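Peer 1: I'm passing along final.txt; it holds compact mmCIF, C-alpha atoms and all ligand atoms.
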```txt
# COMPACT_ATOMS: atom_id res chain seq x y z
CA MET A 867 0.00 0.00 0.00
CA ILE A 868 2.84 2.40 0.91
CA GLU A 869 6.48 1.67 0.26
CA ALA A 870 9.22 3.93 1.56
CA LYS A 871 12.86 3.35 0.61
CA ASN A 872 15.67 5.10 2.47
CA VAL A 873 13.58 8.19 3.08
CA ILE A 874 15.40 11.05 4.80
CA LYS A 875 13.66 14.24 5.88
CA LYS A 876 15.60 17.07 7.43
CA TYR A 877 14.17 20.30 8.79
CA GLY A 878 17.37 22.36 9.01
CA GLN A 879 19.54 20.60 11.59
CA VAL A 880 16.72 18.23 12.71
CA THR A 881 16.53 14.83 11.04
CA ALA A 882 12.86 13.82 11.35
CA LEU A 883 13.14 10.67 9.19
CA ASP A 884 16.48 8.94 9.22
CA ASP A 885 16.92 6.47 6.34
CA PHE A 886 13.35 5.26 6.88
CA THR A 887 12.41 2.12 4.99
CA VAL A 888 9.10 0.29 5.27
CA ASP A 889 6.69 -1.73 3.16
CA ILE A 890 3.15 -1.21 4.50
CA PRO A 891 0.59 -3.84 3.47
CA LYS A 892 -3.08 -3.12 2.68
CA GLY A 893 -5.58 -3.24 5.53
CA LYS A 894 -5.88 -1.28 8.74
CA ILE A 895 -2.44 -0.14 9.81
CA GLY A 896 -1.47 1.68 13.01
CA ILE A 897 1.49 4.05 13.25
CA LEU A 898 2.66 4.39 16.83
CA GLY A 899 5.48 6.34 18.38
CA PRO A 900 6.24 8.97 21.00
CA ASN A 901 6.01 12.69 20.29
CA GLY A 902 8.69 13.81 17.85
CA ALA A 903 9.23 10.27 16.51
CA GLY A 904 8.54 11.28 12.91
CA LYS A 905 4.97 9.99 12.45
CA SER A 906 3.44 13.22 11.13
CA THR A 907 6.43 13.81 8.87
CA PHE A 908 5.99 10.36 7.33
CA VAL A 909 2.24 10.85 6.91
CA LYS A 910 2.69 14.32 5.35
CA ILE A 911 5.23 12.95 2.86
CA ALA A 912 2.91 10.03 1.99
CA LEU A 913 0.05 12.51 1.47
CA GLY A 914 2.24 14.61 -0.86
CA LEU A 915 1.96 17.64 1.44
CA ILE A 916 5.71 17.96 1.94
CA GLU A 917 8.72 16.55 0.07
CA SER A 918 11.38 14.28 1.47
CA THR A 919 15.02 15.42 1.42
CA SER A 920 15.96 12.15 -0.30
CA GLY A 921 14.67 8.61 -0.80
CA GLU A 922 11.73 7.16 -2.66
CA ILE A 923 8.10 6.64 -1.73
CA THR A 924 5.26 4.93 -3.58
CA VAL A 925 1.61 5.10 -2.50
CA LEU A 926 -0.97 2.66 -3.91
CA GLY A 927 1.68 1.50 -6.39
CA GLU A 928 2.34 4.97 -7.84
CA ASN A 929 5.47 7.05 -7.51
CA LEU A 930 4.53 10.08 -5.44
CA ASP A 931 6.79 12.59 -7.25
CA LYS A 932 5.31 11.93 -10.66
CA ASN A 933 1.66 11.24 -9.91
CA SER A 934 0.84 13.16 -6.77
CA ILE A 935 -2.40 14.72 -8.12
CA GLU A 936 -3.74 11.35 -9.34
CA ILE A 937 -2.85 9.70 -6.05
CA ARG A 938 -4.53 12.43 -4.01
CA LYS A 939 -7.88 11.52 -5.60
CA LYS A 940 -7.49 8.03 -4.12
CA ILE A 941 -6.59 9.31 -0.67
CA GLY A 942 -8.64 10.74 2.20
CA TYR A 943 -7.29 12.59 5.21
CA MET A 944 -8.77 13.21 8.64
CA PRO A 945 -6.46 15.75 10.32
CA GLU A 946 -6.01 15.89 14.05
CA HIS A 947 -6.86 19.55 14.44
CA ASP A 948 -10.25 21.10 13.85
CA CYS A 949 -10.68 22.14 10.24
CA ILE A 950 -14.44 22.40 9.84
CA PRO A 951 -16.59 25.50 9.27
CA ASN A 952 -19.04 26.29 12.07
CA LYS A 953 -21.55 28.21 9.97
CA MET A 954 -22.46 25.36 7.59
CA THR A 955 -24.64 22.30 8.19
CA GLY A 956 -22.98 18.89 8.05
CA VAL A 957 -24.71 18.12 4.76
CA GLU A 958 -23.71 21.43 3.12
CA PHE A 959 -20.09 21.01 4.16
CA LEU A 960 -19.83 17.46 2.88
CA ILE A 961 -21.42 18.24 -0.49
CA GLU A 962 -18.96 21.12 -0.86
CA MET A 963 -16.00 18.87 0.02
CA GLY A 964 -17.21 16.21 -2.45
CA GLN A 965 -17.30 18.82 -5.21
CA VAL A 966 -13.84 20.11 -4.26
CA SER A 967 -12.62 16.52 -4.74
CA GLY A 968 -14.05 16.46 -8.26
CA LEU A 969 -17.53 14.91 -7.80
CA ASP A 970 -20.54 16.53 -9.54
CA TYR A 971 -23.27 18.01 -7.29
CA GLN A 972 -25.62 15.02 -7.61
CA THR A 973 -22.97 12.40 -6.85
CA ALA A 974 -21.59 14.51 -3.99
CA THR A 975 -25.12 14.78 -2.49
CA GLN A 976 -25.74 11.06 -2.82
CA ARG A 977 -22.37 10.17 -1.28
CA THR A 978 -22.93 12.68 1.55
CA HIS A 979 -26.17 11.01 2.63
CA GLU A 980 -24.71 7.52 2.25
CA ILE A 981 -21.67 8.32 4.40
CA LEU A 982 -23.66 10.17 7.08
CA GLY A 983 -26.02 7.19 7.20
CA HIS A 984 -23.08 4.83 7.75
CA LEU A 985 -21.82 7.14 10.47
CA ARG A 986 -25.27 6.98 12.10
CA MET A 987 -25.90 10.70 11.92
CA GLY A 988 -29.63 11.42 11.94
CA GLU A 989 -31.47 14.73 11.63
CA GLU A 990 -28.54 16.56 13.22
CA LYS A 991 -26.82 16.47 9.84
CA TYR A 992 -29.09 19.40 8.89
CA ARG A 993 -28.01 21.45 11.93
CA LEU A 994 -25.15 23.96 11.96
CA ILE A 995 -21.80 22.35 12.80
CA GLU A 996 -21.29 24.86 15.65
CA GLU A 997 -24.08 23.05 17.54
CA TYR A 998 -22.39 19.63 17.26
CA SER A 999 -20.94 17.68 20.20
CA GLY A 1000 -17.26 16.68 20.17
CA GLY A 1001 -18.16 13.20 18.87
CA MET A 1002 -20.27 14.59 16.04
CA ARG A 1003 -17.51 17.03 15.00
CA GLN A 1004 -15.09 14.10 14.79
CA LYS A 1005 -17.61 12.21 12.63
CA ILE A 1006 -17.90 15.15 10.23
CA LYS A 1007 -14.11 15.41 10.07
CA LEU A 1008 -13.97 11.72 9.21
CA ALA A 1009 -16.81 12.00 6.68
CA GLN A 1010 -15.17 14.88 4.75
CA GLY A 1011 -12.18 12.62 4.09
CA LEU A 1012 -14.43 9.79 2.89
CA VAL A 1013 -16.93 11.57 0.69
CA HIS A 1014 -15.01 11.04 -2.58
CA GLY A 1015 -14.62 7.29 -1.90
CA PRO A 1016 -10.85 7.05 -1.25
CA GLU A 1017 -8.92 3.80 -1.48
CA LEU A 1018 -6.76 4.84 1.45
CA MET A 1019 -7.75 6.93 4.45
CA PHE A 1020 -5.23 8.64 6.76
CA LEU A 1021 -6.51 9.21 10.28
CA ASP A 1022 -4.47 11.45 12.57
CA GLU A 1023 -5.32 10.89 16.26
CA PRO A 1024 -9.04 10.29 15.49
CA THR A 1025 -10.06 9.65 19.11
CA SER A 1026 -8.22 12.58 20.62
CA GLY A 1027 -10.39 14.55 23.06
CA LEU A 1028 -13.37 12.13 22.91
CA ASP A 1029 -15.18 10.80 25.99
CA PRO A 1030 -15.16 6.97 26.40
CA ASN A 1031 -18.53 6.43 24.64
CA ALA A 1032 -17.73 8.67 21.67
CA ARG A 1033 -14.28 7.08 21.46
CA GLN A 1034 -15.78 3.58 21.35
CA GLU A 1035 -18.21 4.66 18.64
CA MET A 1036 -15.42 6.25 16.58
CA LEU A 1037 -13.34 3.05 16.82
CA GLU A 1038 -16.32 0.94 15.72
CA THR A 1039 -16.89 3.29 12.80
CA ILE A 1040 -13.26 3.06 11.71
CA ASN A 1041 -13.46 -0.71 12.05
CA GLY A 1042 -16.48 -0.74 9.75
CA LEU A 1043 -14.81 1.47 7.12
CA ALA A 1044 -13.14 -1.37 5.30
CA GLU A 1045 -16.49 -3.18 5.00
CA ILE A 1046 -18.48 -0.09 3.95
CA SER A 1047 -16.31 1.08 1.12
CA ASN A 1048 -13.25 -1.11 0.82
CA THR A 1049 -11.10 1.61 2.34
CA ASN A 1050 -7.63 0.93 3.68
CA VAL A 1051 -6.77 2.80 6.86
CA LEU A 1052 -3.57 4.32 8.19
CA LEU A 1053 -4.13 5.32 11.80
CA SER A 1054 -1.55 7.53 13.44
CA THR A 1055 -1.91 7.59 17.22
CA HIS A 1056 -0.18 7.43 20.56
CA ILE A 1057 -3.02 5.31 22.08
CA LEU A 1058 -2.03 1.66 22.05
CA GLN A 1059 -5.54 0.49 22.81
CA ASP A 1060 -6.87 2.13 19.63
CA VAL A 1061 -4.35 0.20 17.55
CA GLU A 1062 -5.26 -3.04 19.31
CA THR A 1063 -8.98 -2.46 18.67
CA VAL A 1064 -8.75 -1.40 15.05
CA CYS A 1065 -5.56 -2.43 13.28
CA ASP A 1066 -4.28 -5.57 11.55
CA TYR A 1067 -0.69 -4.34 11.48
CA VAL A 1068 1.30 -1.93 13.61
CA ILE A 1069 4.37 0.08 12.80
CA ILE A 1070 6.34 1.64 15.63
CA ILE A 1071 8.55 4.62 14.79
CA ASN A 1072 11.17 6.12 17.08
CA ASN A 1073 13.87 8.71 16.32
CA GLY A 1074 12.88 8.74 12.66
CA LYS A 1075 13.51 5.02 12.27
CA LEU A 1076 11.26 1.98 11.94
CA GLN A 1077 11.44 -0.08 15.14
CA ILE A 1078 8.74 -2.70 14.61
CA LYS A 1079 6.38 -3.80 11.87
CA GLU A 1080 4.23 -6.60 13.12
CA ASN A 1081 0.85 -8.26 12.83
CA VAL A 1082 -1.23 -7.02 15.79
CA LYS A 1083 -2.66 -10.48 16.54
CA GLU A 1084 0.89 -11.89 16.74
CA LEU A 1085 1.89 -9.05 19.01
CA VAL A 1086 -1.12 -9.62 21.25
CA LYS A 1087 -0.25 -13.33 21.43
CA ARG A 1088 3.12 -12.32 22.87
CA GLN A 1089 1.30 -10.65 25.72
CA THR A 1090 1.67 -13.62 28.05
CA ASP A 1091 3.21 -12.99 31.43
CA THR A 1092 6.88 -13.77 31.81
CA ILE A 1093 9.29 -14.23 34.66
CA GLN A 1094 12.31 -11.98 34.48
CA ILE A 1095 15.45 -13.34 36.08
CA ARG A 1096 18.89 -11.88 36.83
CA VAL A 1097 21.64 -14.28 37.78
CA GLY A 1098 25.33 -14.38 38.73
CA GLU A 1099 28.03 -16.77 37.47
CA ASN A 1100 27.39 -20.14 35.75
CA SER A 1101 24.49 -18.70 33.81
CA ASP A 1102 25.26 -20.92 30.76
CA GLU A 1103 24.54 -24.08 32.74
CA PHE A 1104 21.45 -22.45 34.29
CA ILE A 1105 20.11 -21.42 30.85
CA SER A 1106 20.70 -24.86 29.42
CA ILE A 1107 18.63 -26.44 32.24
CA LEU A 1108 15.86 -23.86 31.70
CA LYS A 1109 15.85 -24.67 27.99
CA GLN A 1110 15.46 -28.39 28.71
CA ASN A 1111 12.57 -27.69 31.11
CA ASN A 1112 10.85 -25.37 28.66
CA ASN A 1113 11.46 -27.29 25.41
CA LYS A 1114 13.59 -24.29 24.32
CA ARG A 1115 10.35 -22.34 24.02
CA ASN A 1116 10.33 -18.56 24.20
CA ILE A 1117 13.35 -18.08 26.39
CA GLU A 1118 14.64 -14.57 25.84
CA ILE A 1119 18.20 -13.81 26.83
CA THR A 1120 19.91 -10.43 26.94
CA ASP A 1121 23.01 -9.10 28.75
CA ARG A 1122 20.78 -7.81 31.54
CA TRP A 1123 18.09 -10.44 32.04
CA ILE A 1124 16.63 -13.82 31.09
CA ARG A 1125 12.88 -14.19 30.58
CA ILE A 1126 10.83 -17.36 30.50
CA PRO A 1127 7.06 -17.70 30.08
CA TYR A 1128 5.06 -17.78 33.33
CA LYS A 1129 2.90 -20.90 33.42
CA ASN A 1130 1.89 -21.14 37.08
CA GLU A 1131 3.49 -20.86 40.53
CA GLU A 1132 5.49 -24.05 39.73
CA SER A 1133 7.49 -21.94 37.25
CA PHE A 1134 9.23 -20.21 40.19
CA LYS A 1135 10.13 -23.56 41.79
CA GLU A 1136 11.58 -24.77 38.47
CA ILE A 1137 13.78 -21.68 38.27
CA ILE A 1138 15.03 -22.07 41.84
CA SER A 1139 15.81 -25.73 41.29
CA ALA A 1140 17.60 -24.99 37.97
CA ALA A 1141 19.70 -22.34 39.73
CA ALA A 1142 20.57 -24.77 42.53
CA SER A 1143 21.63 -27.51 40.07
CA ALA A 1144 23.77 -25.05 38.09
CA LYS A 1145 25.23 -23.51 41.28
CA CYS A 1146 24.14 -20.17 39.91
CA GLN A 1147 23.12 -17.34 42.18
CA LEU A 1148 19.69 -15.78 41.61
CA TYR A 1149 19.79 -12.00 42.05
CA GLU A 1150 16.26 -11.25 40.98
CA MET A 1151 13.14 -13.11 39.91
CA GLU A 1152 10.02 -11.16 39.08
CA ARG A 1153 6.77 -11.90 37.27
CA ILE A 1154 5.98 -9.20 34.68
CA ALA A 1155 2.95 -8.71 32.49
CA MET A 1156 3.95 -8.39 28.82
CA THR A 1157 1.15 -6.08 27.81
CA MET A 1158 1.27 -4.18 24.57
CA ASP A 1159 2.26 -1.15 26.66
CA ASN A 1160 5.34 -2.97 27.93
CA ILE A 1161 6.30 -4.14 24.44
CA TYR A 1162 5.91 -0.56 23.21
CA LEU A 1163 7.90 0.92 26.08
CA GLU A 1164 10.68 -1.56 25.53
CA VAL A 1165 10.89 -0.64 21.83
CA VAL A 1166 10.88 3.12 22.30
CA ASN A 1167 13.22 3.21 25.29
P1 LIG B 1201 5.51 13.05 15.57
O1 LIG B 1201 4.40 13.23 14.59
O2 LIG B 1201 5.91 11.60 15.75
O3 LIG B 1201 5.27 13.73 16.87
P2 LIG B 1201 7.01 14.84 13.82
O4 LIG B 1201 7.10 14.19 12.50
O5 LIG B 1201 5.99 15.93 14.00
O6 LIG B 1201 6.85 13.74 14.96
O7 LIG B 1201 8.43 15.47 14.20
C1 LIG B 1201 9.67 14.78 14.03
C2 LIG B 1201 10.81 15.74 14.37
O8 LIG B 1201 10.86 16.80 13.39
C3 LIG B 1201 10.66 16.45 15.72
O9 LIG B 1201 11.95 16.61 16.26
C4 LIG B 1201 10.05 17.79 15.34
O10 LIG B 1201 10.40 18.78 16.29
C5 LIG B 1201 10.70 18.07 14.00
N1 LIG B 1201 9.83 18.88 13.10
C6 LIG B 1201 8.60 18.53 12.65
N2 LIG B 1201 8.10 19.49 11.82
C7 LIG B 1201 9.04 20.47 11.76
C8 LIG B 1201 9.14 21.72 11.08
N3 LIG B 1201 8.17 22.15 10.27
N4 LIG B 1201 10.26 22.47 11.27
C9 LIG B 1201 11.26 22.03 12.06
N5 LIG B 1201 11.25 20.86 12.73
C10 LIG B 1201 10.16 20.08 12.60
```
Hey, can you dump this file as structure tokens for me?
Ligand code: ADP

Peer 2:
Amino acid sequence: MIEAKNVIKKYGQVTALDDFTVDIPKGKIGILGPNGAGKSTFVKIALGLIESTSGEITVLGENLDKNSIEIRKKIGYMPEHDCIPNKMTGVEFLIEMGQVSGLDYQTATQRTHEILGHLRMGEEKYRLIEEYSGGMRQKIKLAQGLVHGPELMFLDEPTSGLDPNARQEMLETINGLAEISNTNVLLSTHILQDVETVCDYVIIINNGKLQIKENVKELVKRQTDTIQIRVGENSDEFISILKQNNNKRNIEITDRWIRIPYKNEESFKEIISAAASAKCQLYEMERIAMTMDNIYLEVVN
């Protein structure tokens, strides 16, 4: 869906994207990363709003430099910040946006009512936008990006500022997008839960570089609890006993710690007995929950 090869973006002395390479599949994709990671820069380049300093990027199979106007017709964008006129009704605004994207009046009107129906907006679509609740404003912002029937929709922090009910509704709506109109979704957010609820794939960016690209279901599967261990000398012997006990499954070893899956309280006894057999001193043994938050924190720190 989007392919970036060795993309560099510098703003003066600041390198926002640092040799960034990624191949993003079709579907519902989340882009996660802390503030300043380079998410918006990547999205703006993919939308054709700004140019990269060097590197190549293709969107929906087309080279962005050569075909940016054609590609823009296939793309929708829901920006994070408010960008909607208060003195128009929802319907008027959407018809206008449809026409700006090249639809004739009749098609724009038809699409407007279809989309607002999908978004479960009733009679309030004929009211002035200034009277809308936060949730309804977000829906109109989403709808204006969808009215021309894009193949790919960029969503920038779509749940920001919503109360829990409106947030849930927005996530369900995004989830339904693919079914309604075959739209692929690129969701840029700092809320892990939103990615877990909506996305098939997640990309984590930090310091302008790609840290992880992974199937969300696979990532969620890794969310089993583990026991983190720190040991003294003779760790090789200790690790080899642990591997025998655990059929070599999922034992992670770094310079600082060893982690094995937590099965039940017996797991602690197994570790103590392995340490005793290997004459290896246990400095620390702690059960930790490998939630998506922990995986994320580990990647970005
Ligand atoms: P994110 O969206 O992940 O928060 P950004 O892409 O906005 O990250 O920013 C990446 C880096 O580029 C940050 O260090 C940011 O300060 C810098 N940056 C972004 N836009 C500009 C700009 N227009 N001028 C100068 N520096 C910028």

Peer 1: Show me the residues around (1.3, 11.8, -1.2) - criterion: an atom at most 8 Å away, only C-alpha atoms counted - as an MDAnalysis selection string.

Peer 2: chainID A and resid 910:915 925 930 934 937:938

Peer 1: What does the distance between atom O7 of ligand LIG 1201 (chain B) and atom CA of A:Pro951 come to in Å, to one decimal place?

Peer 2: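 Rounded to one decimal, the two atoms are 27.4 Å apart.
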
Peer 1: Quick one: residues within 9 Å of ligand LIG 1201 (chain B), with all atoms listed in the file, as number ranges by chain?

Peer 2: A: 875-883, 898-910, 1054-1056, 1071-1074

Peer 1: Would you please work out which residue, of A:Ile1006, A:Val1068, A:Ile941, A:Met963, is nearest to A:Val888 when using only C-alpha atoms?

Peer 2: A:Val1068

Peer 1: Considering all atoms listed in the file, return as a PyMOL selection string whatever protein or nucleic-acid residues lie within 12 Å of A:Cys949, sequence-local ones (same chain, fewer than 2 positions apart) excluded.

Peer 2: chain A and resi 943-947+951-952+959+963+995+1003-1004+1006-1008+1010-1011

Peer 1: Kindly compute an axis-aligned box around the listed atoms of stretch 1025-1040 of chain A, allowing 3 Å on each side, and express its centre and edge lengths in Å to one decimal as JSON.

Peer 2:
```
{"center_x": -13.4, "center_y": 7.7, "center_z": 19.1, "size_x": 16.3, "size_y": 19.6, "size_z": 20.7}
```
